[in-house]
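Text of structure28.cif, listed as mmCIF, C-alpha atoms:
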data_structure
#
loop_
_atom_site.group_PDB
_atom_site.id
_atom_site.type_symbol
_atom_site.label_atom_id
_atom_site.label_comp_id
_atom_site.auth_asym_id
_atom_site.auth_seq_id
_atom_site.Cartn_x
_atom_site.Cartn_y
_atom_site.Cartn_z
ATOM 1 C CA MET A 1 0.000 0.000 0.000
ATOM 2 C CA ARG A 2 1.261 3.478 -0.837
ATOM 3 C CA VAL A 3 0.253 6.188 1.643
ATOM 4 C CA MET A 4 0.775 9.928 1.390
ATOM 5 C CA GLY A 5 0.977 11.768 4.698
ATOM 6 C CA VAL A 6 0.112 15.449 5.071
ATOM 7 C CA ASP A 7 1.275 17.581 7.998
ATOM 8 C CA PRO A 8 -0.920 20.629 7.328
ATOM 9 C CA GLY A 9 0.294 24.181 7.694
ATOM 10 C CA LEU A 10 -0.012 27.469 5.838
ATOM 11 C CA THR A 11 3.677 28.386 5.779
ATOM 12 C CA ARG A 12 5.001 24.833 5.432
ATOM 13 C CA CYS A 13 2.733 21.907 4.558
ATOM 14 C CA GLY A 14 4.742 18.728 5.048
ATOM 15 C CA LEU A 15 4.236 15.951 2.519
ATOM 16 C CA GLY A 16 5.634 12.459 2.556
ATOM 17 C CA ALA A 17 4.854 9.110 0.993
ATOM 18 C CA VAL A 18 5.822 5.586 1.947
ATOM 19 C CA GLU A 19 5.098 2.192 0.535
ATOM 20 C CA GLY A 20 4.725 -0.989 2.541
ATOM 21 C CA ARG A 21 2.474 -3.075 4.713
ATOM 22 C CA PRO A 22 2.259 -3.926 8.408
ATOM 23 C CA GLY A 23 5.070 -6.223 9.516
ATOM 24 C CA ALA A 24 7.271 -5.539 6.493
ATOM 25 C CA PRO A 25 9.995 -2.944 5.900
ATOM 26 C CA LEU A 26 8.740 0.373 4.564
ATOM 27 C CA THR A 27 10.144 2.241 1.587
ATOM 28 C CA LEU A 28 10.413 5.999 1.174
ATOM 29 C CA VAL A 29 8.642 7.175 -1.976
ATOM 30 C CA ALA A 30 9.002 10.962 -1.621
ATOM 31 C CA VAL A 31 9.309 13.682 0.995
ATOM 32 C CA GLY A 32 9.095 17.473 0.915
ATOM 33 C CA VAL A 33 7.059 20.550 1.747
ATOM 34 C CA VAL A 34 4.772 22.992 0.007
ATOM 35 C CA ARG A 35 5.658 26.528 1.104
ATOM 36 C CA THR A 36 3.651 29.727 0.998
ATOM 37 C CA GLY A 37 4.715 33.187 2.067
ATOM 38 C CA ALA A 38 3.392 34.614 5.321
ATOM 39 C CA ASP A 39 2.903 37.929 3.500
ATOM 40 C CA GLU A 40 0.604 36.397 0.859
ATOM 41 C CA GLU A 41 -3.178 36.739 0.995
ATOM 42 C CA LEU A 42 -4.941 33.746 2.602
ATOM 43 C CA GLY A 43 -6.736 32.763 -0.599
ATOM 44 C CA ALA A 44 -3.500 32.745 -2.571
ATOM 45 C CA ARG A 45 -1.828 30.626 0.108
ATOM 46 C CA LEU A 46 -4.631 28.061 0.025
ATOM 47 C CA VAL A 47 -4.502 27.931 -3.787
ATOM 48 C CA GLY A 48 -0.732 27.366 -3.542
ATOM 49 C CA ILE A 49 -1.209 24.533 -1.056
ATOM 50 C CA GLU A 50 -3.892 22.966 -3.262
ATOM 51 C CA ALA A 51 -1.658 23.129 -6.340
ATOM 52 C CA GLY A 52 1.222 21.565 -4.421
ATOM 53 C CA ILE A 53 -0.891 18.746 -3.009
ATOM 54 C CA GLU A 54 -2.471 18.080 -6.415
ATOM 55 C CA GLN A 55 1.001 17.838 -7.968
ATOM 56 C CA TRP A 56 2.068 15.419 -5.244
ATOM 57 C CA LEU A 57 -1.018 13.286 -5.794
ATOM 58 C CA ASP A 58 -0.221 13.172 -9.526
ATOM 59 C CA ASP A 59 3.425 12.257 -8.920
ATOM 60 C CA VAL A 60 3.062 9.870 -5.966
ATOM 61 C CA ARG A 61 -0.243 8.168 -6.900
ATOM 62 C CA PRO A 62 -1.100 7.042 -3.350
ATOM 63 C CA ASP A 63 -3.657 4.399 -2.394
ATOM 64 C CA ALA A 64 -4.655 6.449 0.666
ATOM 65 C CA VAL A 65 -3.981 9.825 2.268
ATOM 66 C CA ALA A 66 -3.341 10.380 5.980
ATOM 67 C CA VAL A 67 -3.790 13.904 7.349
ATOM 68 C CA GLU A 68 -2.964 15.155 10.824
ATOM 69 C CA ARG A 69 -6.147 15.776 12.785
ATOM 70 C CA VAL A 70 -6.103 19.387 13.910
ATOM 71 C CA PHE A 71 -6.397 19.880 17.642
ATOM 72 C CA SER A 72 -7.039 22.988 19.684
ATOM 73 C CA GLN A 73 -3.974 25.043 20.399
ATOM 74 C CA HIS A 74 -3.595 28.241 22.381
ATOM 75 C CA ASN A 75 -3.165 30.356 19.247
ATOM 76 C CA VAL A 76 -6.544 30.335 17.446
ATOM 77 C CA ARG A 77 -5.025 31.997 14.369
ATOM 78 C CA THR A 78 -2.477 29.178 14.014
ATOM 79 C CA VAL A 79 -5.058 26.437 14.463
ATOM 80 C CA MET A 80 -7.355 28.063 11.882
ATOM 81 C CA GLY A 81 -4.602 28.103 9.248
ATOM 82 C CA THR A 82 -3.680 24.510 10.034
ATOM 83 C CA ALA A 83 -7.340 23.451 9.786
ATOM 84 C CA GLN A 84 -7.729 25.252 6.461
ATOM 85 C CA ALA A 85 -4.653 23.506 5.036
ATOM 86 C CA ALA A 86 -5.936 20.155 6.368
ATOM 87 C CA GLY A 87 -9.273 20.788 4.654
ATOM 88 C CA ILE A 88 -7.504 21.416 1.354
ATOM 89 C CA ALA A 89 -5.658 18.088 1.688
ATOM 90 C CA VAL A 90 -8.878 16.208 2.461
ATOM 91 C CA LEU A 91 -10.643 17.902 -0.459
ATOM 92 C CA CYS A 92 -7.874 17.070 -2.947
ATOM 93 C CA ALA A 93 -7.854 13.399 -1.932
ATOM 94 C CA ALA A 94 -11.662 13.108 -1.830
ATOM 95 C CA ARG A 95 -11.948 14.703 -5.282
ATOM 96 C CA ARG A 96 -9.912 11.743 -6.587
ATOM 97 C CA GLY A 97 -11.912 9.183 -4.624
ATOM 98 C CA LEU A 98 -8.966 8.328 -2.368
ATOM 99 C CA PRO A 99 -9.604 7.113 1.176
ATOM 100 C CA VAL A 100 -8.639 9.783 3.718
ATOM 101 C CA ALA A 101 -7.785 9.130 7.350
ATOM 102 C CA LEU A 102 -7.220 11.654 10.109
ATOM 103 C CA HIS A 103 -4.725 10.752 12.833
ATOM 104 C CA THR A 104 -4.090 12.738 16.008
ATOM 105 C CA PRO A 105 -0.548 13.861 16.826
ATOM 106 C CA SER A 106 -0.441 11.631 19.927
ATOM 107 C CA GLU A 107 -1.666 8.628 17.897
ATOM 108 C CA VAL A 108 1.127 9.163 15.360
ATOM 109 C CA LYS A 109 3.741 9.655 18.086
ATOM 110 C CA ALA A 110 2.665 6.460 19.845
ATOM 111 C CA ALA A 111 2.699 4.464 16.595
ATOM 112 C CA ILE A 112 6.164 5.685 15.593
ATOM 113 C CA THR A 113 7.997 5.892 18.921
ATOM 114 C CA GLY A 114 5.862 3.993 21.414
ATOM 115 C CA SER A 115 5.145 7.193 23.339
ATOM 116 C CA GLY A 116 2.278 9.583 22.680
ATOM 117 C CA THR A 117 4.358 12.421 24.132
ATOM 118 C CA ALA A 118 7.466 12.057 21.927
ATOM 119 C CA ASP A 119 9.114 15.259 20.745
ATOM 120 C CA LYS A 120 9.969 16.299 17.176
ATOM 121 C CA LYS A 121 13.554 15.025 17.463
ATOM 122 C CA GLN A 122 12.373 11.570 18.567
ATOM 123 C CA ILE A 123 9.846 11.429 15.706
ATOM 124 C CA GLY A 124 12.518 12.398 13.185
ATOM 125 C CA ALA A 125 14.990 9.861 14.563
ATOM 126 C CA MET A 126 12.473 7.017 14.368
ATOM 127 C CA VAL A 127 11.308 7.981 10.861
ATOM 128 C CA THR A 128 14.973 7.967 9.789
ATOM 129 C CA ARG A 129 15.505 4.548 11.336
ATOM 130 C CA LEU A 130 12.253 2.975 10.082
ATOM 131 C CA LEU A 131 12.851 4.121 6.505
ATOM 132 C CA ARG A 132 16.602 3.316 6.686
ATOM 133 C CA LEU A 133 17.582 6.864 5.669
ATOM 134 C CA SER A 134 21.107 8.247 5.910
ATOM 135 C CA GLU A 135 19.866 11.483 7.498
ATOM 136 C CA MET A 136 16.778 12.889 9.174
ATOM 137 C CA PRO A 137 14.223 14.458 6.797
ATOM 138 C CA LYS A 138 14.099 18.248 7.128
ATOM 139 C CA PRO A 139 12.255 20.363 7.955
ATOM 140 C CA ALA A 140 10.378 18.670 10.805
ATOM 141 C CA ASP A 141 7.100 19.117 8.880
ATOM 142 C CA ALA A 142 8.405 16.696 6.235
ATOM 143 C CA ALA A 143 9.406 14.128 8.874
ATOM 144 C CA ASP A 144 5.978 14.527 10.496
ATOM 145 C CA ALA A 145 4.276 13.849 7.143
ATOM 146 C CA LEU A 146 6.292 10.633 6.797
ATOM 147 C CA ALA A 147 5.335 9.683 10.356
ATOM 148 C CA LEU A 148 1.664 10.123 9.416
ATOM 149 C CA ALA A 149 2.110 7.895 6.361
ATOM 150 C CA ILE A 150 3.888 5.231 8.443
ATOM 151 C CA CYS A 151 1.225 5.376 11.151
ATOM 152 C CA HIS A 152 -1.529 4.920 8.598
ATOM 153 C CA THR A 153 0.289 2.082 6.852
ATOM 154 C CA TRP A 154 0.583 0.245 10.162
ATOM 155 C CA ARG A 155 -2.787 1.125 11.692
ATOM 156 C CA GLY A 156 -5.065 2.489 9.000
ATOM 157 C CA GLY A 157 -4.903 -0.476 6.672
ATOM 158 C CA ALA A 158 -6.451 -2.769 9.269
ATOM 159 C CA GLN A 159 -9.086 -0.171 10.171
ATOM 160 C CA HIS A 160 -9.973 0.219 6.484
ATOM 161 C CA ARG A 161 -10.287 -3.557 5.985
ATOM 162 C CA LEU A 162 -12.586 -3.802 9.022
ATOM 163 C CA ALA A 163 -14.788 -0.986 7.688
ATOM 164 C CA GLU A 164 -14.962 -2.655 4.258
ATOM 165 C CA ALA A 165 -15.891 -6.015 5.816
ATOM 166 C CA LEU A 166 -18.635 -4.388 7.893
ATOM 167 C CA ALA A 167 -19.999 -2.553 4.837
ATOM 168 C CA LYS A 168 -20.019 -5.797 2.851
ATOM 169 C CA ALA A 169 -21.769 -7.669 5.663
ATOM 170 C CA THR A 170 -24.320 -4.863 6.021
ATOM 171 C CA ARG A 171 -25.144 -5.093 2.318
ATOM 172 C CA LYS A 172 -25.797 -8.831 2.724
ATOM 173 C CA ASP A 173 -27.769 -8.470 5.979
ATOM 174 C CA PRO A 174 -29.221 -4.952 6.531
ATOM 175 C CA ARG A 175 -29.941 -5.798 10.190
ATOM 176 C CA LEU A 176 -26.220 -5.449 11.019
#
Could I get this file's structure written as structure tokens?
Amino acid sequence: MRVMGVDPGLTRCGLGAVEGRPGAPLTLVAVGVVRTGADEELGARLVGIEAGIEQWLDDVRPDAVAVERVFSQHNVRTVMGTAQAAGIAVLCAARRGLPVALHTPSEVKAAITGSGTADKKQIGAMVTRLLRLSEMPKPADAADALALAICHTWRGGAQHRLAEALAKATRKDPRL
């Protein structure tokens, strides 16, 4: 399964893709960021993020997209921008009919490091190790996007199969 992870942000939107399956080594497909200028108008920034994500979807051709679930932060302005970028990622994937999963930061941290309170350096170190890279992906937004893709590959695939099985069973027996 090929999964594209998106660490949403207005200034830097981290993007990363991995290929693999649970219990098998993962392979890096691509990693990077889409950048927009803080001095640009909001609409222009969102259009730039959309264009970047669309290009990534064309190039990477993922089977699924994993986006960081936005959580409340102290700075409402920051969380709004992050939520808007996350919405663009969900929209781009949904437009193509791709399954989209949202994972919380603590869920991703726990999946990658074993601790839901891991810091950025620990996430980057584990992503580097899991993907057998010679150096840590930079900036941290790119490493976080890879962590999302890894988390979904390990956890999301099983969740998706369970949902498909339930949907199939429901079609056969509507009482379920």
Practice problem: Kindly indicate which residue among A:Leu28, A:Ala85, A:Met1, A:Leu15 lies nearest to A:Val47, using only C-alpha atoms for the distances. | Solution: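 Of the candidates, the smallest distance to A:Val47 is held by A:Ala85.
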Quiz item: In terms of the shortest atom-to-atom distance over all atoms listed in the file, which of A:Gly37, A:Pro62, A:Gly156, A:Gly87 is closest to A:Pro8?
Solution: A:Gly87
Return as a PDB file with C-alpha atoms, in the frame of the given file the set of residues that the PyMOL selection byres ((chain A and resi 103-110) around 8) yields on the displayed structure.
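expr_35.pdb was written with the following content:
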ATOM      1  CA  ALA A  66      -3.341  10.380   5.980  1.00  0.00           C
ATOM      2  CA  VAL A  67      -3.790  13.904   7.349  1.00  0.00           C
ATOM      3  CA  GLU A  68      -2.964  15.155  10.824  1.00  0.00           C
ATOM      4  CA  ARG A  69      -6.147  15.776  12.785  1.00  0.00           C
ATOM      5  CA  VAL A  70      -6.103  19.387  13.910  1.00  0.00           C
ATOM      6  CA  PHE A  71      -6.397  19.880  17.642  1.00  0.00           C
ATOM      7  CA  ALA A 101      -7.785   9.130   7.350  1.00  0.00           C
ATOM      8  CA  LEU A 102      -7.220  11.654  10.109  1.00  0.00           C
ATOM      9  CA  ALA A 111       2.699   4.464  16.595  1.00  0.00           C
ATOM     10  CA  ILE A 112       6.164   5.685  15.593  1.00  0.00           C
ATOM     11  CA  THR A 113       7.997   5.892  18.921  1.00  0.00           C
ATOM     12  CA  GLY A 114       5.862   3.993  21.414  1.00  0.00           C
ATOM     13  CA  SER A 115       5.145   7.193  23.339  1.00  0.00           C
ATOM     14  CA  GLY A 116       2.278   9.583  22.680  1.00  0.00           C
ATOM     15  CA  THR A 117       4.358  12.421  24.132  1.00  0.00           C
ATOM     16  CA  ALA A 118       7.466  12.057  21.927  1.00  0.00           C
ATOM     17  CA  ILE A 123       9.846  11.429  15.706  1.00  0.00           C
ATOM     18  CA  ALA A 147       5.335   9.683  10.356  1.00  0.00           C
ATOM     19  CA  LEU A 148       1.664  10.123   9.416  1.00  0.00           C
ATOM     20  CA  CYS A 151       1.225   5.376  11.151  1.00  0.00           C
ATOM     21  CA  HIS A 152      -1.529   4.920   8.598  1.00  0.00           C
TER      22      HIS A 152
END
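Each of A:Ala169, A:Leu26, A:Leu91, A:Ala140 was checked against A:Cys13 using only C-alpha atoms; the smallest atom-to-atom distance is that of A:Ala140.
Interatomic distance, atom CA of A:Arg129 to atom CA of A:Ala145: 15.2 Å.
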Quiz item: How far is it from atom CA of A:Trp56 to atom CA of A:Gly32, in Å with one decimal?
Solution: 9.6 Å
Self-check item: Polymer residues at most 9 Å from A:Val60, all atoms listed in the file, same-chain spacing of 2 or more positions, as a list in words
Solution: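 Within the cut-off, the hits are Arg2, Val3, Met4, Ala17, Val29, Ala30, Gln55, Trp56, Leu57, Asp58 and Pro62 of chain A.
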Practice problem: Give the answer as one residue: which of A:His74, A:Ala64, A:Thr36, A:Ala86 has the shortest atom-to-atom distance to A:Pro99, using only C-alpha atoms? | Solution: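 For A:Pro99, the nearest of the candidates is A:Ala64.
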